[in-house]
>>> print(open('my_file_10.txt').read())   # compact mmCIF, C-alpha atoms
# COMPACT_ATOMS: atom_id res chain seq x y z
CA MET J 139 0.00 0.00 0.00
CA ILE J 140 1.24 3.52 -0.75
CA ASP J 141 2.17 5.50 2.37
CA TRP J 142 0.53 8.80 1.37
CA VAL J 143 1.62 10.57 4.58
CA HIS J 144 5.22 10.36 3.26
CA THR J 145 4.68 9.96 -0.47
CA GLY J 146 2.15 12.79 -0.98
CA PRO J 147 4.17 15.60 0.67
CA SER J 148 7.39 14.19 -0.89
CA ILE J 149 5.95 14.38 -4.43
CA ILE J 150 4.35 17.79 -3.82
CA ALA J 151 7.49 19.31 -2.23
CA ALA J 152 9.75 18.00 -5.02
CA PHE J 153 7.26 19.09 -7.73
CA LEU J 154 6.80 22.65 -6.45
CA ALA J 155 10.49 23.22 -5.65
CA SER J 156 11.57 21.82 -9.02
CA LEU J 157 8.94 23.87 -10.85
CA VAL J 158 10.36 27.11 -9.44
CA GLU J 159 13.94 26.13 -10.30
CA PHE J 160 13.09 24.86 -13.82
CA VAL J 161 11.15 28.06 -14.59
CA GLU J 162 14.23 30.13 -13.62
CA ALA J 163 16.51 27.93 -15.76
CA LEU J 164 14.06 28.03 -18.69
CA THR J 165 14.09 31.85 -18.72
CA VAL J 166 17.85 31.98 -19.30
CA VAL J 167 17.97 28.98 -21.70
CA LEU J 168 15.19 30.64 -23.76
CA ALA J 169 17.11 33.92 -23.86
CA ILE J 170 20.26 32.09 -25.01
CA GLY J 171 18.30 30.05 -27.59
CA ILE J 172 16.60 33.10 -29.08
CA VAL J 173 19.71 35.34 -29.19
CA ARG J 174 22.56 32.85 -29.85
CA GLY J 175 20.77 29.85 -31.38
CA TRP J 176 19.11 26.69 -30.08
CA ARG J 177 22.01 24.30 -30.67
CA PRO J 178 24.40 25.81 -28.07
CA ALA J 179 21.53 26.54 -25.67
CA LEU J 180 20.36 22.91 -25.73
CA THR J 181 23.92 21.52 -25.76
CA GLY J 182 24.76 23.40 -22.54
CA ALA J 183 21.47 22.36 -20.94
CA CYS J 184 21.93 18.68 -21.91
CA LEU J 185 25.55 18.64 -20.64
CA ALA J 186 24.39 20.03 -17.29
CA CYS J 187 21.55 17.45 -17.13
CA GLY J 188 24.15 14.69 -17.67
CA VAL J 189 26.32 15.97 -14.79
CA LEU J 190 23.24 16.28 -12.56
CA LEU J 191 22.16 12.74 -13.39
CA ALA J 192 25.65 11.48 -12.45
CA LEU J 193 25.32 13.31 -9.11
CA ILE J 194 21.99 11.62 -8.38
CA VAL J 195 23.32 8.18 -9.33
CA GLY J 196 26.51 8.80 -7.31
CA PHE J 197 25.15 10.42 -4.15
CA GLY J 198 21.69 8.83 -3.86
CA PRO J 199 22.80 5.26 -3.03
CA MET J 200 25.85 6.55 -1.08
CA LEU J 201 23.55 8.31 1.41
CA GLN J 202 21.70 5.05 2.04
CA THR J 203 24.93 3.39 3.28
CA ILE J 204 25.36 5.93 6.12
CA PRO J 205 23.60 5.15 9.47
CA LEU J 206 19.99 6.34 9.25
CA ASN J 207 19.93 8.72 12.22
CA LEU J 208 23.12 10.42 10.99
CA VAL J 209 21.55 10.88 7.52
CA GLN J 210 18.36 12.16 9.15
CA LEU J 211 20.30 14.70 11.23
CA LEU J 212 22.60 15.84 8.41
CA VAL J 213 19.99 15.97 5.64
CA GLY J 214 17.32 17.30 8.02
CA ALA J 215 19.58 20.18 9.11
CA LEU J 216 20.49 20.97 5.47
CA LEU J 217 16.81 20.84 4.43
CA LEU J 218 16.02 23.15 7.32
CA LEU J 219 18.75 25.64 6.34
CA PHE J 220 17.61 25.48 2.71
CA GLY J 221 13.89 25.76 3.54
CA MET J 222 14.30 28.56 6.11
CA ARG J 223 16.37 30.53 3.58
CA TRP J 224 13.58 30.21 0.99
CA LEU J 225 10.83 30.94 3.48
CA ARG J 226 12.62 34.02 4.88
CA LYS J 227 13.03 35.40 1.36
CA ALA J 228 9.39 34.62 0.46
CA ILE J 229 8.22 36.36 3.66
CA LEU J 230 10.31 39.46 2.88
CA ARG J 231 8.97 39.48 -0.71
CA SER J 232 5.35 39.08 0.48
CA ALA J 233 5.89 41.94 2.94
CA GLY J 234 7.19 44.15 0.13
CA VAL J 235 10.66 44.47 1.68
CA ILE J 236 12.46 42.99 -1.33
CA PRO J 237 11.11 43.07 -4.91
CA LEU J 238 9.31 40.08 -6.42
CA HIS J 239 11.27 37.91 -8.87
CA ASP J 240 10.25 39.05 -12.35
CA GLU J 241 10.93 36.46 -15.09
CA GLU J 242 10.15 39.01 -17.87
CA ALA J 243 12.77 41.40 -16.44
CA VAL J 244 15.34 38.58 -16.07
CA PHE J 245 14.64 37.53 -19.68
CA ALA J 246 15.05 41.10 -20.95
CA SER J 247 18.29 41.64 -19.04
CA GLU J 248 19.76 38.25 -20.14
CA THR J 249 18.82 38.95 -23.77
CA ARG J 250 20.43 42.39 -23.62
CA SER J 251 23.67 41.11 -22.06
CA LEU J 252 23.88 38.18 -24.55
CA ARG J 253 23.49 40.60 -27.49
CA GLN J 254 26.27 42.76 -26.04
CA SER J 255 28.62 39.81 -25.48
CA GLY J 256 29.76 39.65 -29.07
CA ALA J 257 28.94 37.98 -32.35
CA VAL J 258 27.75 34.39 -32.60
CA ALA J 259 30.52 31.99 -33.65
CA VAL J 260 30.20 30.93 -37.27
CA SER J 261 31.75 27.50 -36.66
CA GLY J 262 28.73 26.48 -34.60
CA TRP J 263 30.79 26.18 -31.39
CA ASP J 264 29.44 29.10 -29.36
CA GLY J 265 31.33 28.74 -26.10
CA THR J 266 29.63 31.71 -24.41
CA ALA J 267 26.15 30.35 -25.12
CA ILE J 268 27.02 26.75 -24.13
CA ALA J 269 28.70 27.91 -20.90
CA GLY J 270 25.77 30.22 -20.06
CA SER J 271 23.20 27.49 -20.60
CA PHE J 272 25.31 24.90 -18.74
CA LYS J 273 25.82 27.22 -15.77
CA ILE J 274 22.16 28.13 -15.25
CA VAL J 275 20.90 24.54 -15.63
CA MET J 276 23.66 23.34 -13.25
CA LEU J 277 22.90 26.04 -10.67
CA GLU J 278 19.13 25.55 -10.63
CA GLY J 279 19.41 21.79 -11.20
CA ILE J 280 21.71 21.23 -8.24
CA GLU J 281 18.99 22.63 -5.97
CA VAL J 282 16.52 20.17 -7.51
CA VAL J 283 19.02 17.30 -7.04
CA PHE J 284 19.55 18.29 -3.42
CA ILE J 285 15.81 18.33 -2.75
CA VAL J 286 15.21 14.98 -4.52
CA VAL J 287 18.18 13.26 -2.82
CA ALA J 288 17.43 14.78 0.61
CA ILE J 289 13.73 13.94 0.60
CA GLY J 290 14.44 10.54 -0.94
CA ALA J 291 17.23 9.64 1.50
CA THR J 292 15.23 10.49 4.58
CA SER J 293 11.93 8.98 3.49
CA GLY J 294 13.61 5.79 2.24
CA SER J 295 12.90 6.09 -1.49
CA LEU J 296 14.08 8.39 -4.25
CA ILE J 297 11.08 7.46 -6.41
CA PRO J 298 8.35 9.82 -5.03
CA PRO J 299 10.50 13.01 -5.09
CA ALA J 300 11.98 11.98 -8.47
CA ILE J 301 8.42 11.60 -9.83
CA GLY J 302 7.54 15.09 -8.52
CA ALA J 303 10.66 16.62 -10.09
CA GLY J 304 10.12 14.71 -13.35
CA ILE J 305 6.53 15.97 -13.69
CA ALA J 306 7.76 19.56 -13.09
CA LEU J 307 10.50 19.17 -15.72
CA VAL J 308 8.09 17.84 -18.34
CA ALA J 309 5.53 20.57 -17.54
CA VAL J 310 8.13 23.36 -17.85
CA ILE J 311 9.64 21.95 -21.08
CA LEU J 312 6.17 21.62 -22.65
CA LEU J 313 5.20 25.14 -21.62
CA GLY J 314 8.54 26.45 -22.90
CA VAL J 315 8.06 24.73 -26.28
CA VAL J 316 4.49 26.01 -26.60
CA LEU J 317 5.00 29.57 -25.35
CA HIS J 318 8.59 30.31 -26.46
CA ARG J 319 8.80 33.00 -23.79
CA PRO J 320 9.40 33.12 -20.03
CA LEU J 321 6.73 31.69 -17.75
CA ALA J 322 5.97 34.98 -16.03
CA VAL J 323 2.42 33.93 -15.12
CA ILE J 324 3.64 31.36 -12.58
CA PRO J 325 3.17 32.86 -9.08
CA GLU J 326 6.77 32.24 -8.13
CA ASN J 327 6.70 33.83 -4.68
CA ALA J 328 3.58 31.92 -3.64
CA LEU J 329 5.29 28.71 -4.82
CA LYS J 330 8.49 29.57 -2.93
CA PHE J 331 6.40 30.30 0.15
CA ALA J 332 4.68 26.89 -0.11
CA VAL J 333 7.93 25.03 -0.84
CA GLY J 334 9.71 26.80 2.02
CA VAL J 335 6.95 25.66 4.39
CA LEU J 336 7.17 22.04 3.13
CA LEU J 337 10.98 21.93 3.30
CA CYS J 338 11.03 23.42 6.80
CA ALA J 339 8.45 20.87 7.96
CA PHE J 340 10.44 17.95 6.47
CA GLY J 341 13.71 19.39 7.78
CA THR J 342 12.36 19.83 11.31
CA PHE J 343 10.90 16.32 11.34
CA TRP J 344 14.10 14.62 10.12
CA THR J 345 16.36 16.74 12.34
CA GLY J 346 14.17 15.77 15.29
CA GLU J 347 14.38 12.09 14.36
CA GLY J 348 18.17 12.48 14.00
CA ILE J 349 18.62 13.87 17.53
CA GLY J 350 16.29 11.22 18.96
CA ILE J 351 13.00 13.11 19.34
CA ALA J 352 9.91 10.91 19.61
CA TRP J 353 7.33 12.86 17.59
CA PRO J 354 3.75 12.67 18.88
CA GLY J 355 1.70 10.89 16.21
CA GLU J 356 4.97 9.86 14.49
CA ASP J 357 4.82 10.56 10.72
CA TRP J 358 1.54 12.47 11.08
CA SER J 359 3.56 15.17 12.83
CA ILE J 360 4.78 16.24 9.38
CA LEU J 361 1.28 17.51 8.60
CA ALA J 362 1.15 19.38 11.93
CA LEU J 363 4.59 20.88 11.19
CA ILE J 364 3.40 22.02 7.74
CA ALA J 365 0.42 23.75 9.39
CA GLY J 366 2.68 25.22 12.09
CA PHE J 367 5.20 26.71 9.64
CA LEU J 368 2.36 28.04 7.49
CA VAL J 369 0.93 29.89 10.49
CA ALA J 370 4.38 31.14 11.60
CA ALA J 371 5.30 32.37 8.09
CA GLY J 372 1.83 33.89 7.63
CA ALA J 373 2.24 35.74 10.94
CA ALA J 374 5.74 36.93 9.95
CA VAL J 375 4.48 38.79 6.84
CA PRO J 376 2.46 41.51 8.68
CA ILE J 377 5.17 41.72 11.36
CA CYS J 378 7.79 42.42 8.65
CA ARG J 379 5.47 44.86 6.90
CA ALA J 380 5.03 46.76 10.17
CA SER J 381 8.80 46.67 10.83
CA ARG J 382 9.63 48.30 7.52
CA VAL J 383 11.03 51.76 8.00
CA ILE J 384 9.46 53.85 5.27
CA PRO J 385 11.83 56.73 4.47
CA SER J 386 10.26 60.14 5.04
CA PRO J 387 9.93 62.29 1.90
CA VAL J 388 12.71 64.82 1.32
CA LYS J 389 11.50 68.33 2.00
CA MET U 126 41.22 27.18 -8.48
CA HIS U 127 39.03 30.23 -9.02
CA ALA U 128 36.30 28.05 -10.58
CA LEU U 129 36.43 25.68 -7.58
CA THR U 130 36.15 28.58 -5.13
CA THR U 131 33.20 29.97 -7.07
CA ALA U 132 31.51 26.54 -7.15
CA PHE U 133 32.06 26.14 -3.39
CA LYS U 134 30.62 29.61 -2.73
CA GLU U 135 27.58 28.80 -4.90
CA LEU U 136 27.09 25.54 -2.96
CA VAL U 137 27.29 27.26 0.43
CA SER U 138 24.88 29.97 -0.74
CA LEU U 139 22.25 27.26 -1.36
CA PHE U 140 21.99 26.85 2.40
CA VAL U 141 23.31 30.08 3.86
CA ASP U 142 21.88 33.41 2.80
CA ASP U 143 21.93 35.12 6.15
CA GLY U 144 24.77 33.84 8.38
CA THR U 145 22.93 34.73 11.59
CA LEU U 146 19.87 32.70 10.56
CA ALA U 147 21.96 29.63 9.71
CA ALA U 148 24.05 29.87 12.90
CA THR U 149 20.97 30.34 15.13
CA ILE U 150 19.23 27.32 13.56
CA LEU U 151 22.30 25.10 14.10
CA ILE U 152 22.74 26.34 17.70
CA TRP U 153 19.05 25.65 18.42
CA ILE U 154 19.31 22.12 16.99
CA ALA U 155 22.43 21.45 19.12
CA LEU U 156 20.72 22.89 22.20
CA CYS U 157 17.63 20.72 21.65
CA GLY U 158 19.84 17.64 21.21
CA LEU U 159 21.61 18.45 24.48
CA LEU U 160 18.40 19.23 26.42
CA LEU U 161 16.92 15.96 25.20
CA ARG U 162 19.71 14.07 26.93
CA LEU U 163 19.62 16.11 30.14
CA LEU U 164 15.90 16.71 30.78
CA PRO U 165 12.92 14.38 30.45
CA MET U 166 10.54 16.42 28.26
CA GLY U 167 8.22 13.62 27.14
CA SER U 168 6.04 14.48 24.18
CA TRP U 169 7.12 18.17 24.34
CA GLN U 170 10.44 17.47 22.58
CA GLY U 171 9.10 17.93 19.05
CA PRO U 172 6.91 20.97 19.77
CA ILE U 173 9.84 22.68 21.58
CA LEU U 174 12.12 22.16 18.55
CA PHE U 175 9.41 23.56 16.24
CA ILE U 176 8.53 26.57 18.43
CA GLY U 177 12.18 27.58 18.65
CA LEU U 178 12.58 27.37 14.87
CA ALA U 179 9.38 29.36 14.26
CA VAL U 180 10.54 32.10 16.65
CA ILE U 181 13.98 32.17 14.94
CA LEU U 182 12.32 32.52 11.52
CA ILE U 183 9.94 35.31 12.55
CA GLU U 184 12.59 37.27 14.47
CA ASN U 185 15.18 36.93 11.69
CA ALA U 186 12.68 38.02 9.02
CA ARG U 187 11.62 40.99 11.20
CA ARG U 188 15.24 42.08 11.66
CA GLY U 189 15.82 41.61 7.93
CA ALA U 190 12.81 43.83 7.15
CA LYS U 191 14.06 46.50 9.54
CA SER U 192 17.64 46.53 8.27
CA ARG U 193 16.80 46.38 4.55
CA SER U 194 14.32 49.21 4.67
CA GLY U 195 16.22 51.38 7.16
>>> encode(input="my_file_10.txt", output="structure tokens")
Amino acid sequence: MIDWVHTGPSIIAAFLASLVEFVEALTVVLAIGIVRGWRPALTGACLACGVLLALIVGFGPMLQTIPLNLVQLLVGALLLLFGMRWLRKAILRSAGVIPLHDEEAVFASETRSLRQSGAVAVSGWDGTAIAGSFKIVMLEGIEVVFIVVAIGATSGSLIPPAIGAGIALVAVILLGVVLHRPLAVIPENALKFAVGVLLCAFGTFWTGEGIGIAWPGEDWSILALIAGFLVAAGAAVPICRASRVIPSPVK
Amino acid sequence: MHALTTAFKELVSLFVDDGTLAATILIWIALCGLLLRLLPMGSWQGPILFIGLAVILIENARRGAKSRSG
């Protein structure tokens, strides 16, 4: 029987986190493809995917050979650091302290800087474009790999988070092929807020297990932690809004 | 060497954006692990870990809001 208490949140967390990262990577790969050509853009992206796949194959099984409570503590603490960083940023964005991530603006700025970076190589080997595409897919992809491996290692199976990430990848590629422009309609901050809550809940649960905490209700505590972080983050938004120091107009 | 340093910095920045937030989280985890061994807290262990983390998040975000807009 499928354990939906673990599997459901694992798939959802991996799907949402991967969606955000893939959308960010797609924006830059699209800009490179449109300005410098599709061959170098896709070559760089495919090379990065190959390296990422090697990381999953290399590190996934390796984590399962380490004692479970050590993995739970290590991965739980990393998930917590990762999730709290996302959630803090999402809270500050929701409170209007830092600007929202704008994919259209990123696309425009990337396109402009690619046009300024010189002529496209005639030989077909456009190092700038390949390196740019490789770098962005590697950067965003490594976050996806971390989430998939971390959730998979602690919950005992890489399959549910890999399914979540796979669905997100297919969805973003399809949308990219159809639209041929950045996916600005995706509510990125709301997604980051939700993913931050999920990662913090998972991170807290696994860290607790790692230091020997006996959670009341065992795995069901994850749902209570999700609700708890949602309330805490929701409460933080108006607090941050009220803490903003609005500069007085110059007389 | 420069590429390796850059890659390491990028890797660290995945987990650490605000050094104070990361340090406080790790200290709180260590403190909870220590308290667990010293005091019998029963079913309060988990809620105490969570409450501490929630307070750290809210306080850090509030300070971030104050310093960024000030």
>>> interface_residues(input="my_file_10.txt", of="chain J", to="chain U", cutoff="8 Å", atoms="all atoms listed in the file", output="count of residues only")
35
>>> closest_residue(input="my_file_10.txt", among="J:Ala169, J:Phe340, J:Val213, J:Cys184", to="Phe284 of chain J", atoms="all atoms listed in the file")
J:Val213
>>> axis_aligned_box(input="my_file_10.txt", around="segment 146-162 of chain U", padding_each_side="8 Å", output="lines of an AutoDock Vina configuration file")
center_x = 20.5
center_y = 23.4
center_z = 18.3
size_x = 23.1
size_y = 34.6
size_z = 33.2
>>> atom_distance(input="my_file_10.txt", atom1="atom CA of Leu208 of chain J", atom2="atom CA of Ile149 of chain J")
23.4 Å
>>> residues_around(input="my_file_10.txt", residues="Pro147 of chain J", least_positions_apart="2", cutoff="10 Å", atoms="only C-alpha atoms", output="ChimeraX atom specification")
/J:142-145,149-153,289,298-299,302,336-337,339-340,360-361,364
>>> atom_distance(input="my_file_10.txt", atom1="atom CA of Pro376 of chain J", atom2="atom CA of Leu218 of chain J")
22.9 Å
>>> decode(input="my_file_10.txt", residues="segment 225-315 of chain J", atoms="C-alpha atoms", output="PDB file, in the first residue's frame")
ATOM      1  CA  LEU J 225      10.832  30.941   3.484  1.00  0.00           C
ATOM      2  CA  ARG J 226      12.618  34.018   4.882  1.00  0.00           C
ATOM      3  CA  LYS J 227      13.033  35.405   1.359  1.00  0.00           C
ATOM      4  CA  ALA J 228       9.390  34.619   0.462  1.00  0.00           C
ATOM      5  CA  ILE J 229       8.218  36.358   3.663  1.00  0.00           C
ATOM      6  CA  LEU J 230      10.308  39.462   2.879  1.00  0.00           C
ATOM      7  CA  ARG J 231       8.965  39.477  -0.706  1.00  0.00           C
ATOM      8  CA  SER J 232       5.350  39.081   0.477  1.00  0.00           C
ATOM      9  CA  ALA J 233       5.893  41.936   2.936  1.00  0.00           C
ATOM     10  CA  GLY J 234       7.189  44.149   0.125  1.00  0.00           C
ATOM     11  CA  VAL J 235      10.661  44.473   1.675  1.00  0.00           C
ATOM     12  CA  ILE J 236      12.465  42.987  -1.332  1.00  0.00           C
ATOM     13  CA  PRO J 237      11.114  43.074  -4.909  1.00  0.00           C
ATOM     14  CA  LEU J 238       9.312  40.079  -6.422  1.00  0.00           C
ATOM     15  CA  HIS J 239      11.270  37.911  -8.874  1.00  0.00           C
ATOM     16  CA  ASP J 240      10.253  39.051 -12.350  1.00  0.00           C
ATOM     17  CA  GLU J 241      10.934  36.464 -15.092  1.00  0.00           C
ATOM     18  CA  GLU J 242      10.147  39.010 -17.865  1.00  0.00           C
ATOM     19  CA  ALA J 243      12.766  41.402 -16.437  1.00  0.00           C
ATOM     20  CA  VAL J 244      15.341  38.582 -16.066  1.00  0.00           C
ATOM     21  CA  PHE J 245      14.641  37.525 -19.676  1.00  0.00           C
ATOM     22  CA  ALA J 246      15.054  41.103 -20.954  1.00  0.00           C
ATOM     23  CA  SER J 247      18.291  41.636 -19.035  1.00  0.00           C
ATOM     24  CA  GLU J 248      19.756  38.252 -20.141  1.00  0.00           C
ATOM     25  CA  THR J 249      18.818  38.947 -23.774  1.00  0.00           C
ATOM     26  CA  ARG J 250      20.430  42.389 -23.616  1.00  0.00           C
ATOM     27  CA  SER J 251      23.671  41.111 -22.061  1.00  0.00           C
ATOM     28  CA  LEU J 252      23.878  38.184 -24.549  1.00  0.00           C
ATOM     29  CA  ARG J 253      23.489  40.598 -27.489  1.00  0.00           C
ATOM     30  CA  GLN J 254      26.266  42.758 -26.041  1.00  0.00           C
ATOM     31  CA  SER J 255      28.621  39.807 -25.476  1.00  0.00           C
ATOM     32  CA  GLY J 256      29.760  39.654 -29.074  1.00  0.00           C
ATOM     33  CA  ALA J 257      28.944  37.977 -32.353  1.00  0.00           C
ATOM     34  CA  VAL J 258      27.749  34.388 -32.599  1.00  0.00           C
ATOM     35  CA  ALA J 259      30.522  31.991 -33.652  1.00  0.00           C
ATOM     36  CA  VAL J 260      30.199  30.930 -37.266  1.00  0.00           C
ATOM     37  CA  SER J 261      31.751  27.498 -36.658  1.00  0.00           C
ATOM     38  CA  GLY J 262      28.733  26.475 -34.599  1.00  0.00           C
ATOM     39  CA  TRP J 263      30.790  26.184 -31.392  1.00  0.00           C
ATOM     40  CA  ASP J 264      29.442  29.098 -29.363  1.00  0.00           C
ATOM     41  CA  GLY J 265      31.332  28.740 -26.098  1.00  0.00           C
ATOM     42  CA  THR J 266      29.634  31.714 -24.413  1.00  0.00           C
ATOM     43  CA  ALA J 267      26.153  30.346 -25.117  1.00  0.00           C
ATOM     44  CA  ILE J 268      27.020  26.752 -24.131  1.00  0.00           C
ATOM     45  CA  ALA J 269      28.698  27.911 -20.903  1.00  0.00           C
ATOM     46  CA  GLY J 270      25.770  30.219 -20.060  1.00  0.00           C
ATOM     47  CA  SER J 271      23.196  27.488 -20.599  1.00  0.00           C
ATOM     48  CA  PHE J 272      25.310  24.899 -18.743  1.00  0.00           C
ATOM     49  CA  LYS J 273      25.823  27.218 -15.766  1.00  0.00           C
ATOM     50  CA  ILE J 274      22.158  28.132 -15.246  1.00  0.00           C
ATOM     51  CA  VAL J 275      20.898  24.536 -15.626  1.00  0.00           C
ATOM     52  CA  MET J 276      23.655  23.343 -13.251  1.00  0.00           C
ATOM     53  CA  LEU J 277      22.899  26.042 -10.668  1.00  0.00           C
ATOM     54  CA  GLU J 278      19.133  25.547 -10.635  1.00  0.00           C
ATOM     55  CA  GLY J 279      19.405  21.788 -11.203  1.00  0.00           C
ATOM     56  CA  ILE J 280      21.710  21.232  -8.235  1.00  0.00           C
ATOM     57  CA  GLU J 281      18.993  22.635  -5.973  1.00  0.00           C
ATOM     58  CA  VAL J 282      16.523  20.165  -7.508  1.00  0.00           C
ATOM     59  CA  VAL J 283      19.015  17.303  -7.041  1.00  0.00           C
ATOM     60  CA  PHE J 284      19.551  18.286  -3.421  1.00  0.00           C
ATOM     61  CA  ILE J 285      15.806  18.328  -2.745  1.00  0.00           C
ATOM     62  CA  VAL J 286      15.207  14.985  -4.518  1.00  0.00           C
ATOM     63  CA  VAL J 287      18.175  13.259  -2.818  1.00  0.00           C
ATOM     64  CA  ALA J 288      17.425  14.776   0.610  1.00  0.00           C
ATOM     65  CA  ILE J 289      13.725  13.940   0.597  1.00  0.00           C
ATOM     66  CA  GLY J 290      14.440  10.536  -0.935  1.00  0.00           C
ATOM     67  CA  ALA J 291      17.228   9.640   1.501  1.00  0.00           C
ATOM     68  CA  THR J 292      15.225  10.486   4.584  1.00  0.00           C
ATOM     69  CA  SER J 293      11.935   8.977   3.493  1.00  0.00           C
ATOM     70  CA  GLY J 294      13.609   5.786   2.237  1.00  0.00           C
ATOM     71  CA  SER J 295      12.897   6.090  -1.494  1.00  0.00           C
ATOM     72  CA  LEU J 296      14.081   8.392  -4.253  1.00  0.00           C
ATOM     73  CA  ILE J 297      11.084   7.461  -6.413  1.00  0.00           C
ATOM     74  CA  PRO J 298       8.351   9.818  -5.027  1.00  0.00           C
ATOM     75  CA  PRO J 299      10.502  13.006  -5.091  1.00  0.00           C
ATOM     76  CA  ALA J 300      11.980  11.975  -8.472  1.00  0.00           C
ATOM     77  CA  ILE J 301       8.419  11.601  -9.835  1.00  0.00           C
ATOM     78  CA  GLY J 302       7.542  15.088  -8.523  1.00  0.00           C
ATOM     79  CA  ALA J 303      10.658  16.625 -10.086  1.00  0.00           C
ATOM     80  CA  GLY J 304      10.116  14.709 -13.350  1.00  0.00           C
ATOM     81  CA  ILE J 305       6.527  15.973 -13.687  1.00  0.00           C
ATOM     82  CA  ALA J 306       7.755  19.558 -13.087  1.00  0.00           C
ATOM     83  CA  LEU J 307      10.504  19.171 -15.716  1.00  0.00           C
ATOM     84  CA  VAL J 308       8.092  17.836 -18.342  1.00  0.00           C
ATOM     85  CA  ALA J 309       5.532  20.567 -17.541  1.00  0.00           C
ATOM     86  CA  VAL J 310       8.127  23.362 -17.851  1.00  0.00           C
ATOM     87  CA  ILE J 311       9.636  21.952 -21.077  1.00  0.00           C
ATOM     88  CA  LEU J 312       6.165  21.617 -22.653  1.00  0.00           C
ATOM     89  CA  LEU J 313       5.196  25.140 -21.621  1.00  0.00           C
ATOM     90  CA  GLY J 314       8.536  26.447 -22.904  1.00  0.00           C
ATOM     91  CA  VAL J 315       8.064  24.732 -26.284  1.00  0.00           C
TER      92      VAL J 315
END
